[in-house]
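S.K.: Sharing a structure here in structure tokens format.
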Amino acid sequence: MPCLYITTNLNLDGIDTNPIFSEATTAVSTIIGKPEKFVMVILKSSVPISFEGNKKAAAYAEIVSMGGINSEVKRKLIATIGTILETHLSIPTTRFFLKVFDTTAFRTNSKI
């Protein structure tokens with residue numbers, strides 16, 4: 001189950017976040033290749049974030065998935081999620097950072 005956790009320093013009170021959830025879910029599902037019903041998206045706002053020495057609009061996100069992540073997928077996720085945040089929250093893609101973690105990347109086979 002891929003989980004996308006987005007944190008921003010913007011106050012999202014009164015902003016319709018449904019398009020962000022919908023588009024992010026579809027993007028993660030399509031890019032990683034997992035059904036939408038298994039994708040979780042979390043959006044947290046009003047978190048103090050300083051980036052480039054200032055507190056202008058910015059976002060930090062983490063995505064954790066069991067498989068389906070390679071360098072091409074990482075590039076697509078960064079570009080697509082960055083575009084979604086720029087479109088709906090006016091966060092420039094240059095002020096968005098995505099940490100990608102594949103839980104199967106460090107899997108070792110048990111010898112039991």
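Going through the structure tokens in order, the chains are called A, B, and so on, while each chain numbers its residues from 1 and the ligands are numbered from 1 in the order shown.
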Which neighbours of A:Val100 fall inside 8 Å, counting only C-alpha atoms, when residues of the same chain fewer than 3 positions from it are skipped, and could you give them as a list in words?
M.R.: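 The contact residues come out as Glu62, Ile63, Val64 and Lys74 of chain A.
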S.K.: If you run DSSP over the backbone, which residues in chain A end up strand (DSSP E)? Put them as a list in words.
M.R.: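 Strand (DSSP E) assignments inside chain A correspond to Cys3, Leu4, Tyr5, Ile6, Thr7, Thr8, Met40, Val41, Ile42, Leu43, Lys44, Ala59, Tyr60, Ala61, Glu62, Ile63, Val64, Ser65, Phe96, Phe97, Leu98, Lys99, Val100, Phe101 and Asp102 of chain A.
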S.K.: Please write the residues from the selection above to a file, keeping N, CA, C and O atoms, as a compact mmCIF listing (two decimals), in the first residue's frame.
M.R.:
```
# COMPACT_ATOMS: atom_id res chain seq x y z
N CYS A 3 1.84 5.01 0.52
CA CYS A 3 1.35 6.09 1.36
C CYS A 3 2.12 7.35 1.03
O CYS A 3 3.35 7.37 1.11
N LEU A 4 1.41 8.40 0.65
CA LEU A 4 1.98 9.70 0.34
C LEU A 4 1.61 10.66 1.46
O LEU A 4 0.43 10.88 1.73
N TYR A 5 2.61 11.18 2.14
CA TYR A 5 2.40 12.09 3.26
C TYR A 5 2.95 13.45 2.86
O TYR A 5 4.16 13.61 2.71
N ILE A 6 2.06 14.42 2.66
CA ILE A 6 2.44 15.77 2.23
C ILE A 6 2.31 16.73 3.40
O ILE A 6 1.27 16.77 4.06
N THR A 7 3.36 17.50 3.63
CA THR A 7 3.35 18.51 4.68
C THR A 7 3.66 19.86 4.04
O THR A 7 4.55 19.96 3.22
N THR A 8 2.89 20.89 4.43
CA THR A 8 3.12 22.22 3.89
C THR A 8 3.03 23.26 4.99
O THR A 8 2.40 23.03 6.03
N MET A 40 -2.85 5.59 -0.01
CA MET A 40 -3.24 6.49 1.07
C MET A 40 -2.54 7.83 0.85
O MET A 40 -1.34 7.87 0.56
N VAL A 41 -3.29 8.91 1.01
CA VAL A 41 -2.72 10.25 0.90
C VAL A 41 -3.06 11.02 2.17
O VAL A 41 -4.21 11.05 2.60
N ILE A 42 -2.03 11.60 2.78
CA ILE A 42 -2.19 12.40 3.99
C ILE A 42 -1.71 13.80 3.65
O ILE A 42 -0.64 13.97 3.06
N LEU A 43 -2.48 14.82 4.03
CA LEU A 43 -2.12 16.21 3.76
C LEU A 43 -2.17 16.98 5.07
O LEU A 43 -3.24 17.10 5.69
N LYS A 44 -1.03 17.45 5.51
CA LYS A 44 -0.94 18.20 6.77
C LYS A 44 -0.51 19.62 6.46
O LYS A 44 0.46 19.84 5.74
N ALA A 59 6.66 22.80 0.47
CA ALA A 59 6.07 21.51 0.84
C ALA A 59 7.15 20.44 0.90
O ALA A 59 8.13 20.47 0.13
N TYR A 60 6.97 19.53 1.83
CA TYR A 60 7.83 18.36 1.98
C TYR A 60 6.91 17.15 1.96
O TYR A 60 5.85 17.16 2.59
N ALA A 61 7.28 16.14 1.21
CA ALA A 61 6.45 14.94 1.15
C ALA A 61 7.32 13.70 1.24
O ALA A 61 8.49 13.72 0.86
N GLU A 62 6.71 12.65 1.74
CA GLU A 62 7.35 11.34 1.77
C GLU A 62 6.40 10.35 1.15
O GLU A 62 5.19 10.42 1.37
N ILE A 63 6.95 9.45 0.38
CA ILE A 63 6.13 8.35 -0.14
C ILE A 63 6.82 7.05 0.23
O ILE A 63 8.02 6.90 0.07
N VAL A 64 6.03 6.16 0.79
CA VAL A 64 6.52 4.84 1.19
C VAL A 64 5.70 3.82 0.41
O VAL A 64 4.48 3.90 0.36
N SER A 65 6.40 2.87 -0.19
CA SER A 65 5.71 1.85 -0.98
C SER A 65 6.43 0.52 -0.86
O SER A 65 7.64 0.47 -0.64
N PHE A 96 9.53 22.33 -3.41
CA PHE A 96 8.91 21.06 -3.06
C PHE A 96 10.00 19.99 -3.02
O PHE A 96 10.82 19.89 -3.93
N PHE A 97 9.99 19.21 -1.94
CA PHE A 97 10.98 18.15 -1.76
C PHE A 97 10.23 16.85 -1.50
O PHE A 97 9.31 16.81 -0.67
N LEU A 98 10.59 15.77 -2.22
CA LEU A 98 9.95 14.47 -2.05
C LEU A 98 10.98 13.44 -1.65
O LEU A 98 11.98 13.24 -2.36
N LYS A 99 10.74 12.77 -0.54
CA LYS A 99 11.56 11.65 -0.09
C LYS A 99 10.84 10.38 -0.50
O LYS A 99 9.67 10.19 -0.17
N VAL A 100 11.52 9.50 -1.21
CA VAL A 100 10.92 8.26 -1.71
C VAL A 100 11.57 7.08 -1.01
O VAL A 100 12.79 6.98 -0.95
N PHE A 101 10.74 6.19 -0.48
CA PHE A 101 11.25 5.02 0.23
C PHE A 101 10.51 3.77 -0.22
O PHE A 101 9.29 3.71 -0.14
N ASP A 102 11.25 2.79 -0.69
CA ASP A 102 10.69 1.50 -1.10
C ASP A 102 11.07 0.49 -0.01
O ASP A 102 12.24 0.21 0.20
```
S.K.: For A:Ile69, which of A:Ile84, A:Val39, A:Ile49, A:Ala105 is the closest residue, counting only C-alpha atoms?
M.R.: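 Among the listed residues, A:Ala105 lies closest to A:Ile69.
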S.K.: Using only C-alpha atoms, I'd like a table of the residues in stretch 61-99 of chain A that come within 8 Å of stretch 15-32 of chain A; for each, show the closest atom pair and its distance in Å rounded to one decimal, ordered by chain and ascending number, as CSV.
M.R.:
```
residue,atom,partner,partner_atom,distance
A:Gly68,CA,A:Ile32,CA,5.2
A:Ile69,CA,A:Ile32,CA,6.6
A:Val73,CA,A:Ile31,CA,6.3
A:Lys76,CA,A:Ile31,CA,7.0
A:Leu77,CA,A:Ile31,CA,7.0
A:Thr80,CA,A:Ala27,CA,7.0
A:Ile81,CA,A:Ala24,CA,6.5
A:Ile84,CA,A:Ile20,CA,6.7
A:Leu85,CA,A:Ile20,CA,7.4
A:His88,CA,A:Ile20,CA,6.9
```
S.K.: Distance atom CA of A:Ala58-atom CA of A:Asn70, one decimal place?
M.R.: 25.2 Å
S.K.: Give me, as a ChimeraX atom specification, the residues of chain A that a backbone DSSP run labels helix (DSSP H, G or I).
M.R.: /A:18-32,36-38,71-89,93-95
S.K.: Given the choices A:Ala79, A:Gly67, A:Pro2, A:Ile91, which gets closest to A:Phe38 if the distance is worked out from only C-alpha atoms?
M.R.: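 Result for the nearest residue to A:Phe38: A:Pro2.
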S.K.: For each of A:Gly82, A:Leu10, A:Glu36, A:Thr93, take the minimum atom-to-atom distance to A:Ala57, counting only C-alpha atoms, then give the residue where this is smallest.
M.R.: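 For A:Ala57, the nearest of the given residues is A:Leu10.
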S.K.: Using only C-alpha atoms, pick whichever of A:Pro35, A:Asn9, A:Met66, A:Ile78 has the shortest atom-to-atom distance to A:Pro48.
M.R.: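 Nearest candidate to A:Pro48 out of A:Pro35, A:Asn9, A:Met66, A:Ile78: A:Asn9.
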